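Report on one structure; see the data block that follows.
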Amino acid sequence: MNDISHSPSAAKATATKAPPEVPQESAAVPKMRAEKVSVHYADKQALFDVDLDVPENQVISLIGPSGCGKSTFLRCLNRMNDTIDIARVSGHITLDGENIYDKALDVVELRARVGMVFQKPNPFPKSIFENVAYGPRIHGLASAKRDLEEIVATSLQRAGLFNEVKDRLDEPGTGLSGGQQQRLCIARAIAVNPEVILMDEPCSALDPIATAKVEELIDELRENYTIVIVTHSMQQAARVSQRTAMFHLGYLVEEGPTDMMFTNPTDKRTQDYITGRFG
Amino acid sequence: MSATDTASASAPVDNQLGAVRAGLKRRHAQERRFQMIGLAAVFAALAMVAVLFGSVLFKGMPAFWQSTLHLQISLNADVIDVGPPPVQKAGQNPAEFEAELTDWRRALARVSWNKILEKAVRGVLPADLADAKTRDIVGIVASGERYALRDMVLEDPSLIGQTIDVDLLADANVDNWLKGNIDRSLGQSRQQLSPGEQEIADALAEKGVITQSFNTGIFFNVDSRSSPASAGLAGAFMGSLYMMLVVIMLAVPIGVASAIYLEEFAPTNRFTDFIEVNINNLAAVPSIVFGLLGASIFINWMHLPLSAPLVGGLVLTLMTLPTIIIATRGTLRAIPPSIREAALGLGASRTQMVFHHVLPLAIPGILTATIIGVAQALGETAPLLLIGMNAFVASVPSSPMDQATALPVQIYLWQGNENFNFFEARTNAAIIVLLGLMISLNAIAILLRQRIERRW
Ligand SMILES: Nc1ncnc2c1ncn2[C@@H]1O[C@H](COP(=O)(O)OP(=O)(O)OP(=O)(O)O)[C@@H](O)[C@H]1O
Ligand SMILES: [Mg+2]
């Protein structure tokens with residue numbers, strides 16, 4: 001986990017203490033960038049002026065105590081907050097430099113580019129095949145049936161599920177075990193070939209073995225995708241992510257390379273959180 | 001942990017266990033009590049349904065078996081002196097032929113069918129009744145049956161000159177008399193059947209000329225005032241069917257579409273709150289108000305015909321819409337939001353989300369909602385009275401624009417008939433038919449639902 005690249009925000013978030021390594025790619029444009037993002041649920045503010053960069057082909061984990069706004073922030077990145085009537089998002093979020101809250105940008109296109117895996121596995125009550133095929137089908141990614149089958153097979157393979165389900169693709173996805181369901185949801189998300197995958201506590205319902213499989217998968221996916229993952233497990237953050245962002249009460253406390261965050265956090269609150277003094 | 005610690009810690013635990021145990025008894029008793037109340041309520045409801053169905057069946061079944069005369073009628077050419085029906089001669093003007101045919105029909109209608117009937121009945125009367133009065137003999141047969149006889153000959157002129165076996169309904173009062181619906185000990189001044197008719201009826205019943213036979217007329221005849229014995233439900237049934245068609249074709253699509261829009265697309269703001277409140281209000285409006293509304297809008301303003309199933313269907317649609325909307329919204333709301341998030345998160349548009357994922361899951365519930373609404377509409381009477389559907393209609397409507405009545409209105413009309421002794425059974429028979437229709441509607445919905453659920 002030493003292949004850490006530094007984005008400008010790393011320097012900003014750790015301003016009180018100079019980063020030990022000189023940023024090598026400070027000019028690189030991050031895959032996604034959030035600037036002064038605030039979210040209100042009705043009158044209640046849940047996020048306060050969050051600035052965060054999501055570097056390309058890396059895994060960034062969002063940590064912090066329950067209710068601090070991790071999911072809220074994650075859902076800003078593919079505008080899932082639009083579906084909540086009372087949610088109001090302000091600030092600026094870009095994907096490859098484009099403002100995703102721009103009127104001209106189609107939210108359907110955005111979500112095809114920024115996929116999402118939810119905390120609770122939520123397969124469609126349709127067959128395993130249909131679950132994975134649905135995304136490619138609505139986006140017109142496969143013209144022939146053979147192409148679609150190909151996409152489904154490779155997606156399931158990459159999610160590490162293919163061998164377990166290859167003989168029963170026409171059985172309902174809801175009939176799988178919790179861990180299999182979550183991997184099915186991951187397969188479903190990567191079947192549309194997004195650029196960014198958002199994962200909200202993808203392992204919270206899984207046993208250690210299934211968790212290990214998903215973590216392995218995340219590590220592999222990093223080669224082709226940019227991944228933002230919310231997790232409550234410090235170990236998981238340490239294992240899978242290159243960068244970590246710590247949230248507290250709606251504020252981004254600090255953000256930096258994962259190993260630094262865990263060995264040498266700058267903020268007292270981060271220190272307390274990762275050592276388990278509150279949470 | 002020291003020994004004293006353990007001791008002091010175990011004391012409250014003991015107490016706690018004791019407290020739990022002491023409470024357990026009470027809790028179980030409470031649970032049993034509640035279960036008993038629930039069970040009692042279920043049985044009370046079942047018993048009431050059983051009493052209701054039982055009494056309806058008990059009272060209604062006799063109407064399906066009605067006093068019928070089995071007669072041999074000779075259609076002698078000397079009585080029916082109308083000759084054979086005209087045939088179109090070569091080169092004859094069609095209008096001329098038409099006129100001849102009409103003349104022939106008129107002549108047939110003028111034939112004294114009463115005389116033919118009288119002769120047939122006299123033929124089977126026992127000798128001691130040989131001097132029975134003509135009026136009494138003719139009065140035995142339901143008055144509508146002579147037209148049925150005429151229509152038979154109209155349809156098949158070759159019957160003229162033959163002797164045919166026919167089953168003719170007896171008069172309603174004969175039916176009452178023979179079934180014992182009338183107290184025979186009442187004074188003659190209070191009997192609807194004249195003494196002569198009473199004797200004839202009893203004699204014929206004894207000889208087996210009059211028996212209780214299954215009466216198909218109740219299904220295939222229209223309502224009748226002059227001949228209550230032949231009154232049937234065909235007109236009301238078709239009227240109800242047309243109205244149901246209108247309701248299903250209008251209320252279901254409109255209701256489901258509005259529910260989907262309100263639940264899945266509409267933003268929550270003052271305006272949609274206002275709509276929501278008003279839909280709920282509308283569901284609570286007494287149905288007769290919808291009848292008033294229908295009368296003023298569809299009849300007075302749009303000049304649609306009175307007593308038409310179309311108007312009835314429109315009124316019932318208005319009445320059913322809130323039910324369908326509210327029930328459908330409930331179904332949609334019960335579908336887990338995670339399914340919606342999954343679809344949206346994959347980049348499905350809202351419409352795709354609704355039609356690919358939400359609706360398929362909601363269809364069983366929507367079907368139930370539809371059935372509740374349609375069944376409610378099927379049994380509705382009050383609003384129909386205000387748009388003229390309680391008019392006496394003696395024909396089967398051939399389109400939703402024709403005059404018609406409806407099953408529940410027919411029940412209401414029959415219940416109010418002055419010959420209550422006869423119509424009480426008829427009324428209950430109509431209720432049986434209405435209930436049968438509802439049960440089959442429900443059965444269809446359940447079948448559909450099972451099929452759809454299995455497929456997902
Ligand atoms: N739909 C909503 N309506 C109103 N308030 C909300 C909604 N979703 C979240 N909130 C509020 O916003 C704040 C942040 O919630 P969020 O779900 O982002 O927390 P979180 O960091 O993901 O917590 P957890 O780790 O428990 O999932 C909380 O105070 C929560 O009560
Ligand atoms: Mg969360």
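Identifiers for the structure tokens are assigned positionally: chains receive A, B, ... in sequence, residues are indexed from 1 per chain, and ligands are indexed from 1 in the order shown.
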Which residues are close to Val253 of chain A, i.e. within 10 Å by only C-alpha atoms, leaving aside same-chain residues fewer than 5 positions away? Reply as a short mmCIF file (atom, residue, chain, number, x, y, z; two decimals) with all heavy atoms, in the first residue's frame.
data_model
loop_
_atom_site.label_atom_id
_atom_site.label_comp_id
_atom_site.auth_asym_id
_atom_site.auth_seq_id
_atom_site.Cartn_x
_atom_site.Cartn_y
_atom_site.Cartn_z
N ALA A 13 -5.50 19.25 3.59
CA ALA A 13 -6.09 18.66 4.78
C ALA A 13 -5.07 18.47 5.89
O ALA A 13 -5.41 18.52 7.06
CB ALA A 13 -6.72 17.33 4.43
N THR A 14 -3.86 18.27 5.50
CA THR A 14 -2.84 18.05 6.53
C THR A 14 -1.96 19.30 6.65
O THR A 14 -0.76 19.22 6.84
CB THR A 14 -1.98 16.83 6.17
OG1 THR A 14 -1.42 17.05 4.87
CG2 THR A 14 -2.80 15.57 6.16
N VAL A 50 -17.68 20.61 2.67
CA VAL A 50 -16.69 19.54 2.51
C VAL A 50 -15.91 19.74 1.22
O VAL A 50 -16.49 19.93 0.16
CB VAL A 50 -17.38 18.16 2.51
CG1 VAL A 50 -16.38 17.07 2.15
CG2 VAL A 50 -18.00 17.90 3.87
N GLY A 64 -15.66 7.54 10.02
CA GLY A 64 -16.18 8.51 10.97
C GLY A 64 -17.32 7.90 11.75
O GLY A 64 -17.90 6.91 11.33
N ALA A 245 -10.52 9.44 4.39
CA ALA A 245 -11.05 10.74 4.81
C ALA A 245 -11.86 10.53 6.07
O ALA A 245 -12.66 9.61 6.15
CB ALA A 245 -11.93 11.34 3.71
N MET A 246 -11.62 11.37 7.05
CA MET A 246 -12.30 11.23 8.34
C MET A 246 -13.37 12.31 8.48
O MET A 246 -13.10 13.50 8.33
CB MET A 246 -11.23 11.37 9.43
CG MET A 246 -11.76 11.65 10.81
SD MET A 246 -12.48 10.19 11.60
CE MET A 246 -13.27 10.96 13.01
N PHE A 247 -14.60 11.88 8.71
CA PHE A 247 -15.71 12.82 8.90
C PHE A 247 -16.10 12.85 10.37
O PHE A 247 -15.99 11.85 11.08
CB PHE A 247 -16.93 12.38 8.08
CG PHE A 247 -16.82 12.66 6.62
CD1 PHE A 247 -16.02 11.88 5.81
CD2 PHE A 247 -17.55 13.71 6.05
CE1 PHE A 247 -15.93 12.14 4.46
CE2 PHE A 247 -17.46 13.96 4.69
CZ PHE A 247 -16.65 13.18 3.89
N HIS A 248 -16.56 14.02 10.79
CA HIS A 248 -17.08 14.11 12.16
C HIS A 248 -18.14 15.21 12.22
O HIS A 248 -17.89 16.36 11.85
CB HIS A 248 -15.93 14.42 13.13
CG HIS A 248 -16.36 14.43 14.56
ND1 HIS A 248 -16.86 13.31 15.19
CD2 HIS A 248 -16.36 15.42 15.49
CE1 HIS A 248 -17.16 13.61 16.44
NE2 HIS A 248 -16.88 14.90 16.64
N THR A 266 -3.22 13.77 12.25
CA THR A 266 -2.94 15.11 12.75
C THR A 266 -3.99 15.56 13.74
O THR A 266 -3.70 16.26 14.70
CB THR A 266 -2.92 16.13 11.59
OG1 THR A 266 -3.64 15.57 10.52
CG2 THR A 266 -1.51 16.46 11.20
N ASP A 267 -5.23 15.17 13.48
CA ASP A 267 -6.32 15.71 14.27
C ASP A 267 -6.58 14.82 15.48
O ASP A 267 -6.59 13.59 15.38
CB ASP A 267 -7.58 15.83 13.41
CG ASP A 267 -8.60 16.76 14.04
OD1 ASP A 267 -9.21 16.37 15.06
OD2 ASP A 267 -8.76 17.87 13.51
N LYS A 268 -6.83 15.47 16.60
CA LYS A 268 -7.13 14.75 17.83
C LYS A 268 -8.33 13.82 17.66
O LYS A 268 -8.36 12.69 18.14
CB LYS A 268 -7.40 15.78 18.93
CG LYS A 268 -7.79 15.21 20.28
CD LYS A 268 -6.57 14.74 21.07
CE LYS A 268 -6.87 14.49 22.53
NZ LYS A 268 -8.04 13.71 22.80
N ARG A 269 -9.35 14.30 16.90
CA ARG A 269 -10.58 13.52 16.75
C ARG A 269 -10.32 12.25 15.96
O ARG A 269 -10.85 11.17 16.26
CB ARG A 269 -11.65 14.35 16.04
CG ARG A 269 -12.22 15.45 16.93
CD ARG A 269 -13.04 16.42 16.13
NE ARG A 269 -12.20 17.18 15.21
CZ ARG A 269 -12.66 18.16 14.44
NH1 ARG A 269 -13.93 18.47 14.43
NH2 ARG A 269 -11.85 18.82 13.63
N THR A 270 -9.46 12.35 14.95
CA THR A 270 -9.12 11.16 14.17
C THR A 270 -8.42 10.16 15.07
O THR A 270 -8.74 8.96 15.06
CB THR A 270 -8.20 11.54 12.99
OG1 THR A 270 -8.71 12.69 12.38
CG2 THR A 270 -8.11 10.40 12.00
#
Find the residues of chain A that sit at most 9 Å from chain B; for each, write down the nearest two atoms and how far apart they are in Å, to one decimal. Count only C-alpha atoms. Sort by chain, then by number going up, and give it as JSON lines.
{"residue": "A:Asn78", "atom": "CA", "partner": "B:Gly345", "partner_atom": "CA", "distance": 7.9}
{"residue": "A:Met80", "atom": "CA", "partner": "B:Gly345", "partner_atom": "CA", "distance": 7.1}
{"residue": "A:Thr83", "atom": "CA", "partner": "B:Glu341", "partner_atom": "CA", "distance": 8.5}
{"residue": "A:Asp85", "atom": "CA", "partner": "B:Pro267", "partner_atom": "CA", "distance": 7.0}
{"residue": "A:Ile86", "atom": "CA", "partner": "B:Thr268", "partner_atom": "CA", "distance": 8.9}
{"residue": "A:Val107", "atom": "CA", "partner": "B:Gly347", "partner_atom": "CA", "distance": 7.6}
{"residue": "A:Val108", "atom": "CA", "partner": "B:Gly347", "partner_atom": "CA", "distance": 4.7}
{"residue": "A:Glu109", "atom": "CA", "partner": "B:Gly347", "partner_atom": "CA", "distance": 6.7}
{"residue": "A:Leu110", "atom": "CA", "partner": "B:Gly347", "partner_atom": "CA", "distance": 7.5}
{"residue": "A:Arg111", "atom": "CA", "partner": "B:Gly347", "partner_atom": "CA", "distance": 4.7}
{"residue": "A:Ala112", "atom": "CA", "partner": "B:Gly347", "partner_atom": "CA", "distance": 5.0}
{"residue": "A:Arg113", "atom": "CA", "partner": "B:Gly347", "partner_atom": "CA", "distance": 8.5}
{"residue": "A:Val114", "atom": "CA", "partner": "B:Gly345", "partner_atom": "CA", "distance": 8.4}
{"residue": "A:Gly115", "atom": "CA", "partner": "B:Leu346", "partner_atom": "CA", "distance": 6.1}
{"residue": "A:Met116", "atom": "CA", "partner": "B:Gly345", "partner_atom": "CA", "distance": 5.7}
{"residue": "A:Val117", "atom": "CA", "partner": "B:Gly345", "partner_atom": "CA", "distance": 8.0}
{"residue": "A:Phe118", "atom": "CA", "partner": "B:Ala342", "partner_atom": "CA", "distance": 7.9}
{"residue": "A:Lys120", "atom": "CA", "partner": "B:Ser338", "partner_atom": "CA", "distance": 8.2}
{"residue": "A:Pro121", "atom": "CA", "partner": "B:Ser338", "partner_atom": "CA", "distance": 8.7}
{"residue": "A:Asn122", "atom": "CA", "partner": "B:Ser338", "partner_atom": "CA", "distance": 6.0}
{"residue": "A:Pro123", "atom": "CA", "partner": "B:Ala342", "partner_atom": "CA", "distance": 7.4}
{"residue": "A:Phe124", "atom": "CA", "partner": "B:Ile339", "partner_atom": "CA", "distance": 6.3}
{"residue": "A:Pro125", "atom": "CA", "partner": "B:Trp456", "partner_atom": "CA", "distance": 7.5}
{"residue": "A:Lys126", "atom": "CA", "partner": "B:Trp456", "partner_atom": "CA", "distance": 6.9}
{"residue": "A:Tyr134", "atom": "CA", "partner": "B:Leu346", "partner_atom": "CA", "distance": 8.5}
{"residue": "A:Gly135", "atom": "CA", "partner": "B:Leu346", "partner_atom": "CA", "distance": 5.9}
{"residue": "A:Ile138", "atom": "CA", "partner": "B:Ala348", "partner_atom": "CA", "distance": 6.9}
{"residue": "A:His139", "atom": "CA", "partner": "B:Gly347", "partner_atom": "CA", "distance": 8.0}
{"residue": "A:Cys185", "atom": "CA", "partner": "B:Ala342", "partner_atom": "CA", "distance": 8.6}
{"residue": "A:Arg188", "atom": "CA", "partner": "B:Leu346", "partner_atom": "CA", "distance": 8.1}
{"residue": "A:Ala189", "atom": "CA", "partner": "B:Leu346", "partner_atom": "CA", "distance": 6.6}
{"residue": "A:Val192", "atom": "CA", "partner": "B:Leu346", "partner_atom": "CA", "distance": 7.7}
### Task
Compute the set of protein, DNA and RNA residues whose minimum atom distance to ligand 1 is at most 6 Å, using only C-alpha atoms and all ligand atoms, and state it as number ranges by chain.
A: 41, 46, 66-72
Keeping only N, CA, C and O atoms, write the selected residues as a tab-separated table (two decimals), in the first residue's frame.
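Result file is result05.tsv:
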chain	number	residue	atom	x	y	z
A	41	TYR	N	-30.85	18.51	5.21
A	41	TYR	CA	-32.10	17.74	5.18
A	41	TYR	C	-33.14	18.63	5.82
A	41	TYR	O	-33.11	18.85	7.03
A	46	ALA	N	-26.49	18.57	7.37
A	46	ALA	CA	-25.83	17.30	7.65
A	46	ALA	C	-24.38	17.32	7.20
A	46	ALA	O	-23.56	16.55	7.67
A	66	SER	N	-20.95	7.16	13.50
A	66	SER	CA	-22.27	7.04	12.89
A	66	SER	C	-22.98	8.40	12.86
A	66	SER	O	-22.92	9.16	13.83
A	67	GLY	N	-23.62	8.68	11.75
A	67	GLY	CA	-24.39	9.92	11.64
A	67	GLY	C	-23.55	11.13	11.29
A	67	GLY	O	-24.05	12.25	11.32
A	68	CYS	N	-22.26	10.92	10.92
A	68	CYS	CA	-21.41	12.08	10.65
A	68	CYS	C	-21.54	12.56	9.22
A	68	CYS	O	-20.97	13.57	8.85
A	69	GLY	N	-22.26	11.85	8.39
A	69	GLY	CA	-22.50	12.35	7.03
A	69	GLY	C	-21.74	11.62	5.94
A	69	GLY	O	-21.67	12.09	4.81
A	70	LYS	N	-21.20	10.45	6.23
A	70	LYS	CA	-20.45	9.71	5.20
A	70	LYS	C	-21.36	9.31	4.05
A	70	LYS	O	-21.07	9.56	2.88
A	71	SER	N	-22.48	8.68	4.41
A	71	SER	CA	-23.41	8.25	3.36
A	71	SER	C	-23.93	9.46	2.61
A	71	SER	O	-24.07	9.44	1.38
A	72	THR	N	-24.23	10.51	3.34
A	72	THR	CA	-24.74	11.72	2.71
A	72	THR	C	-23.75	12.23	1.67
A	72	THR	O	-24.13	12.56	0.54
Residues near Ala430 of chain B, cut-off 10 Å, only C-alpha atoms, skip fewer than 6 positions along chain, as a compact mmCIF listing (two decimals) with N, CA, C and O atoms, in the first residue's frame:
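Generated output (result.txt):
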# COMPACT_ATOMS: atom_id res chain seq x y z
N VAL B 56 -80.15 -15.39 2.69
CA VAL B 56 -80.34 -15.02 1.28
C VAL B 56 -80.58 -16.27 0.44
O VAL B 56 -81.50 -16.33 -0.38
N GLY B 60 -83.91 -17.09 -1.36
CA GLY B 60 -83.78 -16.85 -2.80
C GLY B 60 -83.92 -18.10 -3.64
O GLY B 60 -84.39 -18.03 -4.77
N ALA B 63 -87.00 -19.05 -5.73
CA ALA B 63 -87.31 -18.26 -6.93
C ALA B 63 -86.78 -18.94 -8.19
O ALA B 63 -87.24 -18.67 -9.29
N ILE B 218 -85.63 -16.34 -15.16
CA ILE B 218 -85.08 -15.34 -14.24
C ILE B 218 -83.73 -14.82 -14.74
O ILE B 218 -83.34 -13.71 -14.47
N PHE B 219 -83.03 -15.64 -15.52
CA PHE B 219 -81.75 -15.18 -16.07
C PHE B 219 -81.92 -14.50 -17.42
O PHE B 219 -81.20 -13.59 -17.77
N GLY B 232 -87.37 -11.07 -15.14
CA GLY B 232 -86.03 -11.65 -15.04
C GLY B 232 -84.97 -10.58 -14.90
O GLY B 232 -85.27 -9.39 -14.85
N LEU B 233 -83.74 -11.04 -14.85
CA LEU B 233 -82.63 -10.14 -14.53
C LEU B 233 -81.79 -9.75 -15.74
O LEU B 233 -80.81 -9.04 -15.59
N ALA B 236 -81.02 -6.00 -16.17
CA ALA B 236 -80.21 -5.44 -15.08
C ALA B 236 -78.79 -5.99 -15.14
O ALA B 236 -77.81 -5.27 -14.93
N PHE B 237 -78.69 -7.27 -15.47
CA PHE B 237 -77.37 -7.90 -15.54
C PHE B 237 -76.52 -7.23 -16.62
O PHE B 237 -75.37 -6.86 -16.39
N LEU B 407 -78.17 -4.37 -11.42
CA LEU B 407 -78.57 -5.42 -10.48
C LEU B 407 -78.99 -4.87 -9.11
O LEU B 407 -80.08 -5.20 -8.63
N PRO B 408 -78.17 -4.04 -8.48
CA PRO B 408 -78.60 -3.57 -7.14
C PRO B 408 -79.87 -2.73 -7.21
O PRO B 408 -80.69 -2.78 -6.29
N GLN B 410 -82.23 -3.18 -9.41
CA GLN B 410 -83.31 -4.15 -9.63
C GLN B 410 -83.73 -4.76 -8.29
O GLN B 410 -84.92 -4.95 -8.04
N ILE B 411 -82.75 -5.04 -7.46
CA ILE B 411 -83.06 -5.57 -6.13
C ILE B 411 -83.94 -4.58 -5.38
O ILE B 411 -84.96 -4.93 -4.79
N TYR B 412 -83.53 -3.32 -5.45
CA TYR B 412 -84.28 -2.27 -4.76
C TYR B 412 -85.70 -2.18 -5.32
O TYR B 412 -86.67 -2.07 -4.56
N TRP B 414 -87.48 -4.50 -6.96
CA TRP B 414 -88.27 -5.70 -6.65
C TRP B 414 -88.67 -5.73 -5.19
O TRP B 414 -89.76 -6.17 -4.83
N GLU B 424 -90.32 -11.37 -2.83
CA GLU B 424 -89.31 -11.54 -1.80
C GLU B 424 -88.26 -12.57 -2.25
O GLU B 424 -87.06 -12.35 -2.15
N GLY B 436 -72.93 -13.83 -6.74
CA GLY B 436 -72.21 -14.74 -7.62
C GLY B 436 -71.28 -13.98 -8.56
O GLY B 436 -70.13 -14.37 -8.77
### Message
Just the number, please: distance in Å from atom CA of Gly179 of chain A to atom CA of Ala210 of chain A, one decimal.
### Response
5.5 Å
### Task
Check segment 127-234 of chain A with DSSP on the backbone and list each residue it calls alpha helix (DSSP H), as a ChimeraX atom specification.
/A:128-138,145-158,162-165,178-191,208-221,234
Determine which residues of segment 28-229 of chain A DSSP labels as strand (DSSP E) from the backbone of this structure, then write them out as a compact mmCIF listing (two decimals) with N, CA and C atoms, in the first residue's frame.
# COMPACT_ATOMS: atom_id res chain seq x y z
N MET A 32 -12.74 12.85 -9.27
CA MET A 32 -13.87 13.65 -8.80
C MET A 32 -13.34 14.64 -7.78
N ARG A 33 -13.99 15.80 -7.74
CA ARG A 33 -13.57 16.81 -6.78
C ARG A 33 -14.80 17.47 -6.18
N ALA A 34 -14.82 17.52 -4.86
CA ALA A 34 -15.93 18.19 -4.17
C ALA A 34 -15.41 19.47 -3.56
N GLU A 35 -16.14 20.56 -3.77
CA GLU A 35 -15.73 21.83 -3.21
C GLU A 35 -16.89 22.46 -2.46
N LYS A 36 -16.63 22.76 -1.20
CA LYS A 36 -17.62 23.44 -0.37
C LYS A 36 -19.00 22.79 -0.48
N VAL A 37 -19.01 21.47 -0.34
CA VAL A 37 -20.29 20.76 -0.45
C VAL A 37 -21.00 20.78 0.91
N SER A 38 -22.20 21.32 0.91
CA SER A 38 -23.03 21.30 2.12
C SER A 38 -24.34 20.62 1.77
N VAL A 39 -24.87 19.89 2.72
CA VAL A 39 -26.16 19.25 2.48
C VAL A 39 -27.09 19.56 3.65
N HIS A 40 -28.30 19.94 3.30
CA HIS A 40 -29.34 20.15 4.32
C HIS A 40 -30.42 19.12 4.13
N TYR A 41 -30.85 18.51 5.21
CA TYR A 41 -32.10 17.74 5.18
C TYR A 41 -33.14 18.63 5.82
N LYS A 44 -32.16 20.87 8.73
CA LYS A 44 -31.00 20.36 9.45
C LYS A 44 -29.82 20.20 8.49
N GLN A 45 -28.69 20.80 8.87
CA GLN A 45 -27.52 20.67 8.00
C GLN A 45 -26.76 19.41 8.37
N ALA A 46 -26.49 18.57 7.37
CA ALA A 46 -25.83 17.30 7.65
C ALA A 46 -24.38 17.32 7.20
N LEU A 47 -24.03 18.20 6.25
CA LEU A 47 -22.65 18.31 5.78
C LEU A 47 -22.29 19.79 5.71
N PHE A 48 -21.06 20.09 6.12
CA PHE A 48 -20.62 21.48 6.16
C PHE A 48 -19.39 21.67 5.28
N ASP A 49 -19.53 22.35 4.19
CA ASP A 49 -18.40 22.79 3.36
C ASP A 49 -17.31 21.73 3.20
N VAL A 50 -17.68 20.61 2.67
CA VAL A 50 -16.69 19.54 2.51
C VAL A 50 -15.91 19.74 1.22
N ASP A 51 -14.58 19.74 1.33
CA ASP A 51 -13.70 19.75 0.16
C ASP A 51 -12.97 18.43 0.13
N LEU A 52 -13.13 17.70 -0.97
CA LEU A 52 -12.45 16.40 -1.01
C LEU A 52 -12.17 16.03 -2.46
N ASP A 53 -10.97 15.49 -2.68
CA ASP A 53 -10.63 15.01 -4.02
C ASP A 53 -10.65 13.50 -4.03
N VAL A 54 -11.15 12.94 -5.13
CA VAL A 54 -11.15 11.49 -5.29
C VAL A 54 -10.19 11.17 -6.43
N VAL A 59 -8.46 3.68 -4.20
CA VAL A 59 -9.59 3.46 -3.31
C VAL A 59 -9.48 4.48 -2.20
N ILE A 60 -10.54 5.24 -2.00
CA ILE A 60 -10.54 6.18 -0.88
C ILE A 60 -11.63 5.75 0.09
N SER A 61 -11.30 5.64 1.35
CA SER A 61 -12.34 5.24 2.30
C SER A 61 -12.77 6.43 3.13
N LEU A 62 -14.05 6.45 3.43
CA LEU A 62 -14.63 7.49 4.27
C LEU A 62 -14.92 6.85 5.61
N ILE A 63 -14.35 7.40 6.66
CA ILE A 63 -14.61 6.86 7.99
C ILE A 63 -15.16 7.96 8.89
N ALA A 87 -33.79 16.77 0.78
CA ALA A 87 -32.35 17.02 0.75
C ALA A 87 -32.02 18.17 -0.21
N ARG A 88 -31.15 19.05 0.24
CA ARG A 88 -30.70 20.17 -0.58
C ARG A 88 -29.18 20.17 -0.59
N VAL A 89 -28.59 20.14 -1.77
CA VAL A 89 -27.13 20.07 -1.87
C VAL A 89 -26.63 21.40 -2.42
N SER A 90 -25.62 21.95 -1.79
CA SER A 90 -25.00 23.14 -2.37
C SER A 90 -23.50 22.88 -2.48
N GLY A 91 -22.82 23.71 -3.25
CA GLY A 91 -21.40 23.49 -3.48
C GLY A 91 -21.17 23.02 -4.90
N HIS A 92 -20.03 22.42 -5.10
CA HIS A 92 -19.58 22.15 -6.46
C HIS A 92 -18.94 20.78 -6.48
N ILE A 93 -19.42 19.88 -7.34
CA ILE A 93 -18.77 18.58 -7.47
C ILE A 93 -18.49 18.34 -8.95
N THR A 94 -17.27 17.93 -9.25
CA THR A 94 -16.95 17.69 -10.65
C THR A 94 -16.56 16.24 -10.85
N LEU A 95 -16.82 15.78 -12.08
CA LEU A 95 -16.36 14.47 -12.52
C LEU A 95 -15.57 14.74 -13.79
N GLU A 98 -16.07 18.19 -15.01
CA GLU A 98 -17.41 18.66 -15.35
C GLU A 98 -18.26 18.75 -14.10
N ASN A 99 -19.02 19.82 -14.00
CA ASN A 99 -19.89 19.97 -12.84
C ASN A 99 -21.05 18.98 -12.94
N VAL A 114 -21.00 6.81 -12.65
CA VAL A 114 -20.68 6.67 -11.22
C VAL A 114 -21.67 5.68 -10.62
N GLY A 115 -21.25 4.44 -10.50
CA GLY A 115 -22.15 3.40 -10.01
C GLY A 115 -22.16 3.34 -8.49
N MET A 116 -23.10 2.56 -7.96
CA MET A 116 -23.22 2.54 -6.52
C MET A 116 -23.57 1.14 -6.01
N VAL A 117 -22.95 0.76 -4.91
CA VAL A 117 -23.29 -0.48 -4.21
C VAL A 117 -23.77 -0.08 -2.82
N VAL A 196 -16.47 5.31 -11.81
CA VAL A 196 -16.32 5.40 -10.36
C VAL A 196 -17.34 4.46 -9.72
N ILE A 197 -16.94 3.75 -8.68
CA ILE A 197 -17.91 2.94 -7.95
C ILE A 197 -17.97 3.43 -6.51
N LEU A 198 -19.17 3.74 -6.06
CA LEU A 198 -19.37 4.18 -4.69
C LEU A 198 -19.90 2.99 -3.90
N MET A 199 -19.28 2.73 -2.76
CA MET A 199 -19.73 1.59 -1.95
C MET A 199 -20.03 2.07 -0.55
N ASP A 200 -21.25 1.87 -0.12
CA ASP A 200 -21.64 2.31 1.22
C ASP A 200 -21.65 1.11 2.16
N THR A 226 -12.26 3.80 -10.17
CA THR A 226 -11.99 4.63 -9.00
C THR A 226 -13.05 4.26 -7.97
N ILE A 227 -12.63 4.05 -6.74
CA ILE A 227 -13.58 3.52 -5.77
C ILE A 227 -13.63 4.41 -4.53
N VAL A 228 -14.86 4.73 -4.12
CA VAL A 228 -15.06 5.42 -2.84
C VAL A 228 -15.84 4.48 -1.95
N ILE A 229 -15.29 4.19 -0.78
CA ILE A 229 -15.94 3.21 0.07
C ILE A 229 -16.15 3.79 1.47
### Nearest to Leu437 of chain B, chosen from B:Met244, B:Leu384, B:Val153, B:Ile363, with only C-alpha atoms counted in the distances
B:Met244
### Task
Excluding Lys207 of chain B and residues on its chain fewer than 4 positions from it, collect all residues at most 10 Å away from it, counting only C-alpha atoms, and give them as a VMD selection string.
chain B and resid 124 to 126 201 to 203 211
### Query
So which one's closest to Glu195 of chain A, A:Pro55, A:Asp82, A:Ala42, A:Ile128? Using only C-alpha atoms, please.
A:Pro55
### Using only C-alpha atoms: which of B:Ser240, B:Gln450, B:Asn421, B:Asn300 has the shortest distance to Met389 of chain B
B:Ser240
